[in-house]
>>> print(open('final_16.cif').read())   # mmCIF, C-alpha atoms and all ligand atoms
data_start
loop_
_atom_site.label_atom_id
_atom_site.label_comp_id
_atom_site.auth_asym_id
_atom_site.auth_seq_id
_atom_site.Cartn_x
_atom_site.Cartn_y
_atom_site.Cartn_z
CA MET N 290 19.73 -39.36 -74.19
CA GLU N 291 21.63 -37.26 -76.65
CA SER N 292 24.99 -35.59 -76.75
CA PHE N 293 25.06 -31.81 -76.57
CA GLU N 294 27.53 -28.99 -76.43
CA LEU N 295 27.82 -25.92 -74.25
CA PRO N 296 29.28 -22.67 -75.59
CA LYS N 297 33.09 -22.69 -75.68
CA ASN N 298 33.37 -19.71 -73.31
CA PHE N 299 30.82 -21.12 -70.86
CA LEU N 300 32.17 -21.06 -67.27
CA MET N 301 31.39 -23.79 -64.78
CA GLY N 302 32.02 -24.53 -61.14
CA SER N 303 30.16 -24.89 -57.87
CA ALA N 304 28.64 -22.79 -55.12
CA THR N 305 28.76 -22.87 -51.33
CA SER N 306 28.02 -20.48 -48.48
CA ALA N 307 30.16 -19.70 -45.45
CA THR N 308 27.69 -20.68 -42.72
CA GLN N 309 26.99 -24.01 -44.40
CA ILE N 310 30.51 -25.28 -44.90
CA GLU N 311 33.02 -23.46 -42.74
CA GLY N 312 32.17 -24.66 -39.24
CA GLY N 313 33.61 -23.09 -36.11
CA ASP N 314 31.57 -19.88 -35.88
CA GLN N 315 29.05 -19.43 -33.08
CA ASN N 316 28.59 -15.70 -33.39
CA ASN N 317 25.84 -15.79 -36.02
CA SER N 318 22.05 -15.89 -36.05
CA TRP N 319 21.93 -19.42 -37.41
CA TYR N 320 24.05 -20.88 -34.65
CA ARG N 321 21.69 -19.42 -32.08
CA TRP N 322 18.65 -20.63 -34.03
CA CYS N 323 20.08 -24.17 -34.02
CA GLN N 324 20.19 -24.19 -30.23
CA SER N 325 16.39 -24.39 -29.83
CA PRO N 326 15.13 -27.97 -30.00
CA GLY N 327 12.97 -28.61 -33.04
CA HIS N 328 14.46 -25.93 -35.24
CA ILE N 329 16.84 -28.26 -37.06
CA HIS N 330 15.33 -31.56 -38.13
CA ASP N 331 18.30 -33.75 -37.26
CA GLY N 332 19.38 -31.73 -34.22
CA SER N 333 22.72 -30.73 -35.76
CA ASP N 334 24.08 -27.19 -35.78
CA CYS N 335 26.12 -25.11 -38.16
CA SER N 336 29.20 -24.88 -35.98
CA ARG N 337 30.47 -28.18 -37.37
CA GLY N 338 29.70 -27.85 -41.08
CA ALA N 339 32.24 -29.39 -43.40
CA ASP N 340 35.17 -27.80 -41.54
CA HIS N 341 36.02 -25.92 -44.71
CA TRP N 342 37.60 -23.15 -42.60
CA ASN N 343 40.47 -25.53 -41.88
CA ARG N 344 40.23 -27.70 -44.97
CA TYR N 345 39.90 -25.16 -47.73
CA PRO N 346 43.22 -26.17 -49.39
CA GLU N 347 41.89 -29.72 -49.73
CA ASP N 348 38.58 -28.44 -51.09
CA ILE N 349 40.28 -26.19 -53.62
CA GLN N 350 42.32 -29.19 -54.73
CA ILE N 351 39.03 -31.04 -55.34
CA MET N 352 37.68 -28.08 -57.37
CA LYS N 353 40.85 -28.21 -59.40
CA GLU N 354 40.40 -31.92 -60.03
CA LEU N 355 36.82 -31.20 -61.09
CA HIS N 356 38.09 -28.61 -63.61
CA HIS N 357 36.30 -25.67 -62.06
CA ASP N 358 36.65 -22.37 -63.92
CA VAL N 359 34.69 -20.49 -61.27
CA TYR N 360 33.62 -20.86 -57.65
CA ARG N 361 30.92 -19.04 -55.73
CA MET N 362 31.79 -18.65 -52.05
CA GLY N 363 30.46 -16.66 -49.12
CA LEU N 364 31.97 -14.57 -46.35
CA GLU N 365 30.78 -14.91 -42.76
CA TRP N 366 29.99 -11.37 -41.68
CA SER N 367 30.08 -12.31 -37.97
CA ARG N 368 33.65 -13.52 -38.30
CA ILE N 369 34.86 -10.41 -40.11
CA GLU N 370 32.99 -7.98 -37.84
CA PRO N 371 32.52 -9.88 -34.56
CA GLU N 372 31.32 -6.72 -32.78
CA SER N 373 29.75 -3.68 -34.33
CA GLY N 374 32.55 -1.61 -35.87
CA ARG N 375 35.39 -3.95 -34.82
CA TYR N 376 36.96 -5.88 -37.66
CA ASP N 377 38.98 -9.03 -37.19
CA GLU N 378 42.15 -8.90 -39.24
CA THR N 379 42.81 -12.60 -38.82
CA ALA N 380 39.47 -13.43 -40.38
CA ILE N 381 39.95 -11.17 -43.37
CA ARG N 382 43.48 -12.49 -43.86
CA HIS N 383 42.10 -16.00 -43.87
CA TYR N 384 39.71 -15.10 -46.71
CA ARG N 385 42.56 -13.39 -48.58
CA ASP N 386 44.60 -16.57 -48.32
CA GLU N 387 41.70 -18.71 -49.49
CA ILE N 388 40.97 -16.43 -52.46
CA THR N 389 44.66 -16.22 -53.36
CA LEU N 390 44.81 -20.00 -53.49
CA LEU N 391 41.75 -20.11 -55.74
CA LEU N 392 43.34 -17.61 -58.10
CA ARG N 393 46.59 -19.53 -58.13
CA ASN N 394 44.58 -22.50 -59.32
CA ASN N 395 42.92 -20.41 -62.02
CA ILE N 396 39.53 -20.54 -60.34
CA LYS N 397 37.70 -17.24 -60.47
CA PRO N 398 35.81 -16.37 -57.29
CA LEU N 399 32.33 -14.87 -57.17
CA VAL N 400 31.90 -13.72 -53.58
CA THR N 401 28.63 -13.41 -51.64
CA LEU N 402 28.44 -10.82 -48.89
CA HIS N 403 25.20 -11.95 -47.24
CA HIS N 404 23.89 -15.49 -47.34
CA PHE N 405 21.11 -15.81 -44.73
CA SER N 406 23.23 -15.31 -41.64
CA ASN N 407 23.69 -12.20 -39.49
CA PRO N 408 26.16 -11.39 -36.73
CA LEU N 409 24.45 -11.71 -33.34
CA TRP N 410 25.09 -8.05 -32.45
CA LEU N 411 23.09 -7.08 -35.54
CA GLU N 412 20.32 -9.60 -34.88
CA ASP N 413 19.99 -8.29 -31.33
CA ARG N 414 19.51 -4.77 -32.63
CA GLY N 415 16.50 -5.86 -34.68
CA GLY N 416 18.20 -7.32 -37.74
CA TRP N 417 16.88 -6.23 -41.11
CA GLU N 418 13.81 -4.56 -39.66
CA ASN N 419 16.04 -1.95 -38.11
CA PRO N 420 16.86 0.81 -40.64
CA ASP N 421 20.36 1.14 -39.07
CA THR N 422 21.20 -2.25 -40.52
CA VAL N 423 21.44 -0.68 -43.96
CA ALA N 424 24.35 1.51 -42.86
CA SER N 425 25.98 -1.41 -41.02
CA PHE N 426 25.88 -3.59 -44.11
CA VAL N 427 27.21 -0.84 -46.36
CA ARG N 428 30.06 -0.19 -43.90
CA PHE N 429 30.88 -3.91 -43.82
CA THR N 430 30.83 -4.02 -47.62
CA ARG N 431 33.21 -1.05 -47.81
CA TYR N 432 35.60 -2.72 -45.42
CA VAL N 433 35.54 -5.97 -47.37
CA LEU N 434 36.01 -4.22 -50.71
CA ASN N 435 39.00 -2.31 -49.45
CA GLU N 436 40.53 -5.52 -48.13
CA LEU N 437 39.63 -7.97 -50.91
CA GLY N 438 38.58 -5.83 -53.86
CA ASP N 439 41.96 -6.15 -55.56
CA LEU N 440 41.55 -9.93 -55.71
CA VAL N 441 37.81 -10.17 -56.36
CA SER N 442 36.02 -8.34 -59.15
CA GLU N 443 32.70 -10.23 -58.98
CA TRP N 444 30.26 -9.86 -56.12
CA ILE N 445 26.83 -10.96 -54.99
CA THR N 446 25.47 -8.56 -52.40
CA ILE N 447 22.60 -10.68 -51.05
CA ASN N 448 21.66 -14.28 -51.59
CA GLU N 449 17.99 -15.06 -52.18
CA PRO N 450 16.41 -12.04 -50.50
CA ASN N 451 12.99 -13.64 -51.00
CA VAL N 452 13.83 -16.95 -49.30
CA PHE N 453 15.65 -15.16 -46.49
CA LEU N 454 12.64 -12.94 -45.78
CA ILE N 455 9.81 -15.40 -46.41
CA TYR N 456 11.27 -18.09 -44.16
CA GLY N 457 12.52 -15.66 -41.52
CA TYR N 458 9.67 -13.12 -41.41
CA ALA N 459 6.55 -14.73 -42.86
CA ARG N 460 6.79 -18.43 -42.08
CA GLY N 461 8.84 -18.17 -38.90
CA ALA N 462 10.89 -21.23 -39.78
CA TRP N 463 14.26 -19.45 -39.88
CA PRO N 464 15.81 -16.73 -37.75
CA PRO N 465 14.49 -14.32 -36.59
CA GLY N 466 11.39 -16.58 -36.48
CA LYS N 467 8.70 -14.02 -37.27
CA THR N 468 5.31 -14.53 -38.85
CA ASN N 469 4.41 -11.03 -39.82
CA LEU N 470 4.11 -9.79 -43.38
CA LEU N 471 4.50 -6.18 -42.32
CA SER N 472 7.87 -7.01 -40.79
CA MET N 473 8.78 -8.79 -43.97
CA PHE N 474 8.07 -5.81 -46.20
CA LYS N 475 9.86 -3.49 -43.82
CA ALA N 476 12.91 -5.75 -44.02
CA LEU N 477 12.61 -5.86 -47.81
CA ARG N 478 12.76 -2.08 -47.98
CA ASN N 479 15.96 -2.16 -45.95
CA LEU N 480 17.46 -4.96 -48.03
CA THR N 481 16.68 -2.99 -51.17
CA LEU N 482 18.34 0.16 -49.85
CA ALA N 483 21.35 -1.87 -48.71
CA HIS N 484 21.72 -3.65 -52.03
CA ILE N 485 21.58 -0.46 -54.08
CA GLN N 486 24.08 1.37 -51.92
CA CYS N 487 26.44 -1.62 -51.93
CA TYR N 488 26.09 -1.95 -55.68
CA ARG N 489 27.27 1.64 -56.02
CA GLU N 490 29.99 1.34 -53.38
CA ILE N 491 31.52 -1.78 -54.90
CA HIS N 492 31.75 -0.07 -58.27
CA ARG N 493 33.06 3.14 -56.74
CA ILE N 494 35.77 1.54 -54.61
CA ARG N 495 37.02 -0.75 -57.36
CA ALA N 496 37.14 2.12 -59.84
CA GLU N 497 38.76 4.63 -57.46
CA ARG N 498 41.40 2.18 -56.36
CA ARG N 499 41.96 1.06 -59.93
CA PHE N 500 41.49 -2.61 -59.13
CA SER N 501 41.74 -4.70 -62.26
CA GLY N 502 39.06 -6.72 -64.02
CA PRO N 503 35.55 -5.67 -64.98
CA THR N 504 33.48 -5.20 -61.84
CA MET N 505 30.37 -7.37 -61.85
CA VAL N 506 27.79 -6.99 -59.10
CA GLY N 507 24.43 -8.67 -58.75
CA LEU N 508 22.10 -10.70 -56.58
CA ALA N 509 21.40 -14.41 -56.47
CA HIS N 510 17.63 -14.61 -56.86
CA HIS N 511 15.77 -17.75 -55.91
CA LEU N 512 13.33 -18.24 -58.77
CA ARG N 513 10.70 -20.93 -58.95
CA ILE N 514 7.92 -21.79 -61.32
CA PHE N 515 4.45 -21.29 -59.86
CA ASP N 516 1.92 -23.09 -62.01
CA PRO N 517 -1.79 -23.22 -61.16
CA GLU N 518 -2.80 -26.72 -60.12
CA ASP N 519 -5.32 -26.87 -62.97
CA ASP N 520 -6.99 -24.61 -65.49
CA LYS N 521 -9.44 -23.16 -63.00
CA PHE N 522 -9.38 -19.39 -63.00
CA LEU N 523 -9.53 -19.42 -59.20
CA ASN N 524 -6.17 -21.17 -58.98
CA LYS N 525 -4.55 -18.88 -61.51
CA ILE N 526 -5.06 -15.84 -59.29
CA PRO N 527 -3.03 -17.06 -56.27
CA ALA N 528 -0.35 -18.43 -58.64
CA LYS N 529 0.10 -14.94 -60.09
CA LEU N 530 -0.09 -13.28 -56.69
CA ILE N 531 2.54 -15.56 -55.17
CA GLN N 532 4.77 -15.08 -58.15
CA TYR N 533 4.52 -11.33 -57.80
CA LEU N 534 4.86 -11.06 -54.02
CA SER N 535 7.57 -13.66 -53.57
CA GLN N 536 9.52 -13.12 -56.74
CA ASP N 537 8.86 -10.25 -59.15
CA LEU N 538 8.52 -7.64 -56.42
CA PHE N 539 12.03 -8.52 -55.25
CA LEU N 540 13.60 -8.33 -58.70
CA GLU N 541 11.85 -5.10 -59.44
CA SER N 542 12.72 -3.29 -56.20
CA MET N 543 16.31 -4.47 -55.93
CA GLY N 544 17.02 -4.45 -59.65
CA PHE N 545 15.60 -1.06 -60.58
CA GLY N 546 15.16 0.59 -57.19
CA ARG N 547 11.40 0.79 -57.59
CA TYR N 548 9.13 0.36 -54.58
CA GLY N 549 6.19 -1.43 -56.16
CA PHE N 550 3.08 -2.20 -54.11
CA PRO N 551 3.06 -3.04 -51.15
CA LEU N 552 6.51 -1.53 -50.54
CA GLY N 553 5.27 1.79 -51.82
CA LEU N 554 3.34 3.26 -54.68
CA GLY N 555 5.98 2.93 -57.35
CA GLY N 556 8.47 5.56 -56.22
CA TYR N 557 12.27 5.26 -56.47
CA PRO N 558 13.73 6.10 -53.01
CA LEU N 559 17.34 6.02 -54.21
CA GLY N 560 16.70 6.94 -57.80
CA ARG N 561 15.80 4.91 -60.81
CA GLY N 562 18.64 2.72 -62.03
CA LYS N 563 19.85 -0.69 -63.08
CA TYR N 564 21.48 -2.18 -60.04
CA TYR N 565 22.83 -5.44 -61.43
CA ASP N 566 25.46 -6.38 -63.98
CA PHE N 567 24.30 -9.97 -64.29
CA LEU N 568 21.09 -11.79 -63.48
CA GLY N 569 21.90 -14.40 -60.85
CA ILE N 570 19.38 -17.23 -60.76
CA ASN N 571 19.19 -19.99 -58.17
CA TYR N 572 16.84 -22.61 -59.55
CA TYR N 573 15.60 -25.79 -57.93
CA SER N 574 11.96 -26.59 -58.47
CA ARG N 575 8.37 -25.79 -59.28
CA ASP N 576 5.24 -25.46 -57.11
CA MET N 577 1.67 -26.10 -58.11
CA VAL N 578 -0.71 -23.56 -56.61
CA ARG N 579 -4.26 -23.88 -55.36
CA LEU N 580 -6.43 -21.11 -53.89
CA ALA N 581 -6.54 -21.24 -50.09
CA PHE N 582 -7.59 -18.79 -47.44
CA GLU N 583 -4.13 -18.46 -45.97
CA PRO N 584 -3.12 -14.79 -45.96
CA ALA N 585 0.37 -15.61 -44.58
CA ASN N 586 0.86 -17.87 -47.60
CA MET N 587 -0.38 -15.20 -50.00
CA PHE N 588 -3.70 -16.99 -50.54
CA GLY N 589 -2.26 -20.07 -52.15
CA SER N 590 -1.43 -23.52 -50.95
CA LEU N 591 1.59 -25.07 -52.63
CA THR N 592 1.66 -28.67 -53.75
CA VAL N 593 3.88 -30.94 -55.79
CA LYS N 594 2.67 -32.00 -59.21
CA LYS N 595 1.13 -35.46 -59.07
CA ALA N 596 3.52 -38.28 -60.02
CA ALA N 597 6.34 -35.87 -60.74
CA PRO N 598 9.93 -36.95 -60.02
CA VAL N 599 11.13 -35.51 -56.71
CA ASN N 600 14.41 -35.23 -54.81
CA ASP N 601 15.10 -36.49 -51.26
CA LEU N 602 13.29 -33.46 -49.85
CA GLY N 603 10.22 -33.96 -52.02
CA TRP N 604 10.98 -31.03 -54.37
CA GLU N 605 9.86 -31.61 -57.94
CA ILE N 606 12.69 -32.04 -60.43
CA TYR N 607 11.62 -29.93 -63.38
CA PRO N 608 14.46 -28.96 -65.77
CA GLU N 609 12.12 -27.24 -68.23
CA GLY N 610 11.47 -24.70 -65.48
CA LEU N 611 15.00 -23.40 -65.82
CA TYR N 612 14.40 -22.80 -69.50
CA ARG N 613 11.10 -21.03 -68.88
CA LEU N 614 12.54 -18.78 -66.18
CA CYS N 615 15.66 -17.76 -68.12
CA ARG N 616 13.60 -16.87 -71.19
CA LYS N 617 11.08 -14.92 -69.20
CA TYR N 618 13.43 -12.95 -66.98
CA PHE N 619 15.99 -12.26 -69.70
CA ALA N 620 13.25 -10.61 -71.74
CA LYS N 621 12.70 -8.17 -68.92
CA TYR N 622 16.10 -7.79 -67.25
CA GLN N 623 18.42 -7.99 -70.28
CA ALA N 624 21.69 -9.01 -68.65
CA PRO N 625 23.99 -12.01 -68.88
CA ILE N 626 22.57 -14.84 -66.82
CA TYR N 627 24.60 -16.71 -64.24
CA ILE N 628 22.99 -19.79 -62.77
CA THR N 629 24.31 -19.05 -59.31
CA GLU N 630 22.81 -22.26 -57.83
CA ASN N 631 21.19 -25.41 -59.15
CA GLY N 632 21.38 -28.83 -57.60
CA VAL N 633 19.60 -31.75 -56.02
CA CYS N 634 19.30 -33.28 -52.59
CA ASP N 635 20.23 -36.87 -53.34
CA GLU N 636 22.10 -38.82 -50.72
CA GLY N 637 22.17 -42.05 -52.72
CA ASP N 638 23.44 -40.25 -55.84
CA THR N 639 20.82 -41.95 -57.97
CA MET N 640 19.44 -38.74 -59.49
CA ARG N 641 22.26 -36.20 -59.59
CA SER N 642 23.94 -37.14 -62.87
CA ARG N 643 20.65 -37.07 -64.70
CA PHE N 644 19.70 -33.83 -62.97
CA ILE N 645 22.94 -32.22 -64.15
CA TYR N 646 22.51 -33.57 -67.66
CA ASP N 647 18.92 -32.35 -67.96
CA HIS N 648 19.56 -28.87 -66.60
CA LEU N 649 22.70 -28.29 -68.64
CA GLN N 650 20.85 -29.46 -71.71
CA GLN N 651 18.30 -26.69 -71.11
CA ILE N 652 21.16 -24.22 -70.81
CA ALA N 653 22.65 -25.40 -74.10
CA ARG N 654 19.21 -24.92 -75.67
CA LEU N 655 18.86 -21.41 -74.23
CA ASN N 656 22.25 -20.40 -75.60
CA ARG N 657 21.35 -21.78 -79.04
CA GLU N 658 18.27 -19.58 -78.92
CA GLY N 659 20.33 -16.50 -78.10
CA ILE N 660 19.68 -16.27 -74.35
CA PRO N 661 23.12 -15.58 -72.84
CA VAL N 662 23.41 -18.04 -69.97
CA GLU N 663 27.12 -17.60 -69.37
CA ARG N 664 27.81 -19.53 -66.18
CA TYR N 665 26.69 -22.44 -64.09
CA TYR N 666 27.52 -22.90 -60.39
CA HIS N 667 26.36 -26.29 -59.16
CA TRP N 668 24.95 -26.38 -55.64
CA SER N 669 26.97 -27.69 -54.02
CA LEU N 670 30.61 -28.67 -54.04
CA ILE N 671 30.26 -30.71 -50.89
CA ASP N 672 27.59 -31.96 -48.47
CA ASN N 673 27.05 -29.24 -45.89
CA PHE N 674 24.76 -27.84 -43.24
CA GLU N 675 21.50 -27.54 -45.13
CA TRP N 676 19.70 -25.02 -42.88
CA THR N 677 16.65 -26.62 -41.21
CA GLU N 678 17.52 -30.00 -42.74
CA GLY N 679 20.80 -29.89 -40.85
CA GLU N 680 23.44 -32.33 -42.00
CA SER N 681 20.91 -34.68 -43.54
CA GLY N 682 20.25 -32.70 -46.74
CA ARG N 683 22.90 -33.98 -49.13
CA PHE N 684 23.52 -31.71 -52.09
CA GLY N 685 27.24 -32.35 -52.65
CA LEU N 686 29.11 -33.41 -55.75
CA VAL N 687 31.39 -34.64 -53.02
CA ALA N 688 29.99 -36.64 -50.11
CA ASN N 689 31.12 -35.63 -46.65
CA ASP N 690 31.29 -37.75 -43.53
CA PHE N 691 30.66 -35.08 -40.89
CA GLU N 692 32.22 -37.21 -38.11
CA THR N 693 35.57 -37.68 -39.82
CA GLN N 694 35.26 -34.85 -42.38
CA GLN N 695 36.35 -37.34 -44.99
CA ARG N 696 35.48 -36.26 -48.53
CA THR N 697 34.46 -38.81 -51.18
CA LEU N 698 33.77 -37.83 -54.75
CA ARG N 699 30.36 -39.03 -55.91
CA LYS N 700 30.01 -40.61 -59.34
CA SER N 701 27.91 -37.62 -60.39
CA GLY N 702 30.77 -35.40 -59.25
CA GLU N 703 33.07 -37.23 -61.61
CA PHE N 704 30.55 -36.75 -64.43
CA TYR N 705 30.23 -33.07 -63.62
CA GLY N 706 34.02 -32.64 -63.55
CA GLU N 707 34.27 -34.13 -67.01
CA ILE N 708 31.65 -31.71 -68.35
CA CYS N 709 33.49 -28.79 -66.72
CA GLU N 710 36.62 -29.89 -68.50
CA LYS N 711 35.13 -30.52 -71.95
CA LYS N 712 31.99 -28.35 -72.06
CA ILE N 713 30.31 -31.16 -73.90
CA VAL N 714 28.35 -34.32 -73.11
CA THR N 715 29.35 -37.02 -75.58
CA ARG N 716 27.81 -40.43 -76.38
CA GLU N 717 30.79 -42.01 -74.62
CA MET N 718 30.14 -40.02 -71.46
CA ILE N 719 26.48 -41.01 -71.53
CA LYS N 720 27.50 -44.66 -71.78
CA LYS N 721 30.02 -44.27 -69.00
CA TYR N 722 27.75 -42.51 -66.49
CA PHE N 723 24.27 -43.81 -67.23
CA THR N 724 23.16 -47.41 -67.17
CA VAL N 725 20.21 -46.84 -69.47
CA ALA N 726 21.31 -44.68 -72.38
CA THR N 727 18.13 -44.25 -74.34
C1 LIG C 801 19.12 -22.31 -51.58
C2 LIG C 801 20.15 -21.67 -50.67
C3 LIG C 801 21.37 -22.51 -50.43
C4 LIG C 801 21.03 -23.98 -50.29
C5 LIG C 801 20.12 -24.46 -51.39
C6 LIG C 801 19.77 -25.92 -51.33
O1 LIG C 801 17.86 -21.77 -51.34
O2 LIG C 801 20.59 -20.44 -51.19
O3 LIG C 801 22.04 -22.00 -49.32
O4 LIG C 801 20.53 -24.24 -49.04
O5 LIG C 801 18.95 -23.68 -51.40
#
>>> encode(input="final_16.cif", output="structure tokens")
Amino acid sequence: MESFELPKNFLMGSATSATQIEGGDQNNSWYRWCQSPGHIHDGSDCSRGADHWNRYPEDIQIMKELHHDVYRMGLEWSRIEPESGRYDETAIRHYRDEITLLLRNNIKPLVTLHHFSNPLWLEDRGGWENPDTVASFVRFTRYVLNELGDLVSEWITINEPNVFLIYGYARGAWPPGKTNLLSMFKALRNLTLAHIQCYREIHRIRAERRFSGPTMVGLAHHLRIFDPEDDKFLNKIPAKLIQYLSQDLFLESMGFGRYGFPLGLGGYPLGRGKYYDFLGINYYSRDMVRLAFEPANMFGSLTVKKAAPVNDLGWEIYPEGLYRLCRKYFAKYQAPIYITENGVCDEGDTMRSRFIYDHLQQIARLNREGIPVERYYHWSLIDNFEWTEGESGRFGLVANDFETQQRTLRKSGEFYGEICEKKIVTREMIKKYFTVAT
């Protein structure tokens, strides 16, 4: 292992989402989804979470101790707008207080408006398949911007549109539990329209109200590597198809406003544009692809590379993938890159330090080669409600005991905090945090 340096102005911190850490809310689509037996592997539900709603001062103190420059957080739409058109002032005040405390600690917030969960009133009206949802989301965004836009200049409209739609509308594993590609593409059209209008509204409101700081708006895209299982031509086709349908189509439609096939025939329903100020990338893993007659899976079956290192959930750990994706997508999308999520499910904390080291090393390499990766948000600050894995998927720099809500910094968290502080990994740090320093 070698020492390496990150750029001096590189910003580091961690990422969370409201539904996963706050606890207390039962008015969202995920809470309802958790109530059906079998949906959540360990039977837990998101109404407990890490009780961040009540413990945010303690969590911000931890961020401070870990030398965070930045923090990516989410807002729970169902708390802010518990019924269609009725906004809860207590909820928005709570977020104002939380954000104010972050700013007082010199931690810059990047705020996500939609991270997988919908208010129940919206879900009951047909969720993202209903075209009215576009207007509802834009109205919610306007409200939030008017209330918080003076404090927050950086926004993510929608987290991982592809994961949200594939799991919710094609695989049926997440709410609303559909297995219908037509529904999925209908929802993608609506998400695209919503994103573009919100992109414009956020810029408009912040400019008109003369809120300070450069406004930065983007998406957090879940990007994976899809490699064919071998050199056979027949496996290359589904690898390309899956990459297009589950990844590039999303970047293209939401980024430029273009309805590529099968959304449309290449038209621009809201006009051609560039609807992102940064390229947000959530990166975790790679899939190997083999041809299979599974239309719902886009004609490919996904496997893990033989003998590859994997995390607790069996996802391949493949740091080079981050390098490949940043190079490839920067070439096309030409915007500063923020790694809006990257992390590892590792309850025993045996892999996380190395995971952090290897991925940050790729980022240092990218920057040396002129690819502007400007930020890194580790997923996650603290163990939380990991969707269908429930409370058993442990991604935190900080371990959480969900019974007592006691936080304990993991060794990897300490390592990460030291990198955040120094923006360098030295020989001494390698000796301190790794038993085998080769
Ligand atoms: C991403 C999600 C995030 C978290 C990580 C592990 O797909 O955006 O909420 O669950 O995976």
>>> residues_around(input="final_16.cif", residues="N:Gly679", least_positions_apart="2", cutoff="8 Å", atoms="only C-alpha atoms", output="PyMOL selection string")
chain N and resi 329-335+674-677+681-682
>>> closest_residue(input="final_16.cif", among="N:Pro625, N:Pro661, N:Pro296, N:Gly702", to="N:Met505", atoms="only C-alpha atoms")
N:Pro625
>>> closest_residue(input="final_16.cif", among="N:Ile494, N:Leu471, N:Leu670, N:Ala528", to="ligand LIG 801 (chain C)", atoms="only C-alpha atoms and all ligand atoms")
N:Leu670
>>> residues_around(input="final_16.cif", residues="N:Asn407", least_positions_apart="4", cutoff="9 Å", atoms="all atoms listed in the file", output="list in words")
Asn316, Asn317, Ser318, Trp319, Glu365, Trp366, Ser367, His403, Leu411, Glu412 and Gly416 of chain N
>>> write_last_selection(input="final_16.cif", atoms="C-alpha atoms", output="PDB file, keeping the file's coordinate frame")
ATOM      1  CA  ASN N 316      28.590 -15.700 -33.390  1.00  0.00           C
ATOM      2  CA  ASN N 317      25.840 -15.790 -36.020  1.00  0.00           C
ATOM      3  CA  SER N 318      22.050 -15.890 -36.050  1.00  0.00           C
ATOM      4  CA  TRP N 319      21.930 -19.420 -37.410  1.00  0.00           C
ATOM      5  CA  GLU N 365      30.780 -14.910 -42.760  1.00  0.00           C
ATOM      6  CA  TRP N 366      29.990 -11.370 -41.680  1.00  0.00           C
ATOM      7  CA  SER N 367      30.080 -12.310 -37.970  1.00  0.00           C
ATOM      8  CA  HIS N 403      25.200 -11.950 -47.240  1.00  0.00           C
ATOM      9  CA  LEU N 411      23.090  -7.080 -35.540  1.00  0.00           C
ATOM     10  CA  GLU N 412      20.320  -9.600 -34.880  1.00  0.00           C
ATOM     11  CA  GLY N 416      18.200  -7.320 -37.740  1.00  0.00           C
TER      12      GLY N 416
END
>>> residues_around(input="final_16.cif", residues="N:Glu636", least_positions_apart="6", cutoff="10 Å", atoms="only C-alpha atoms", output="list in words")
Asn600, Asp601, Asp672, Ser681, Gly682, Arg683, Phe684, Gly685, Ala688 and Arg699 of chain N
>>> build_atoms(input="final_16.cif", residues="stretch 329-339 of chain N", atoms="N, CA and C atoms", output="mmCIF file, keeping the file's coordinate frame")
data_model
loop_
_atom_site.group_PDB
_atom_site.id
_atom_site.type_symbol
_atom_site.label_atom_id
_atom_site.label_comp_id
_atom_site.auth_asym_id
_atom_site.auth_seq_id
_atom_site.Cartn_x
_atom_site.Cartn_y
_atom_site.Cartn_z
ATOM 1 N N ILE N 329 16.069 -27.555 -36.026
ATOM 2 C CA ILE N 329 16.840 -28.260 -37.060
ATOM 3 C C ILE N 329 16.428 -29.730 -37.008
ATOM 4 N N HIS N 330 15.970 -30.243 -38.142
ATOM 5 C CA HIS N 330 15.330 -31.560 -38.130
ATOM 6 C C HIS N 330 16.187 -32.676 -37.531
ATOM 7 N N ASP N 331 17.489 -32.657 -37.795
ATOM 8 C CA ASP N 331 18.300 -33.750 -37.260
ATOM 9 C C ASP N 331 19.076 -33.339 -36.004
ATOM 10 N N GLY N 332 18.751 -32.162 -35.473
ATOM 11 C CA GLY N 332 19.380 -31.730 -34.220
ATOM 12 C C GLY N 332 20.822 -31.252 -34.371
ATOM 13 N N SER N 333 21.335 -31.183 -35.592
ATOM 14 C CA SER N 333 22.720 -30.730 -35.760
ATOM 15 C C SER N 333 22.774 -29.205 -35.697
ATOM 16 N N ASP N 334 23.986 -28.652 -35.672
ATOM 17 C CA ASP N 334 24.080 -27.190 -35.780
ATOM 18 C C ASP N 334 25.225 -26.805 -36.709
ATOM 19 N N CYS N 335 25.204 -25.530 -37.103
ATOM 20 C CA CYS N 335 26.120 -25.110 -38.160
ATOM 21 C C CYS N 335 27.555 -24.905 -37.681
ATOM 22 N N SER N 336 27.830 -25.146 -36.409
ATOM 23 C CA SER N 336 29.200 -24.880 -35.980
ATOM 24 C C SER N 336 30.143 -26.032 -36.348
ATOM 25 N N ARG N 337 29.592 -27.121 -36.878
ATOM 26 C CA ARG N 337 30.470 -28.180 -37.370
ATOM 27 C C ARG N 337 30.696 -28.017 -38.876
ATOM 28 N N GLY N 338 29.587 -28.014 -39.624
ATOM 29 C CA GLY N 338 29.700 -27.850 -41.080
ATOM 30 C C GLY N 338 30.663 -28.852 -41.681
ATOM 31 N N ALA N 339 31.296 -28.473 -42.758
ATOM 32 C CA ALA N 339 32.240 -29.390 -43.400
ATOM 33 C C ALA N 339 33.685 -29.005 -43.057
#
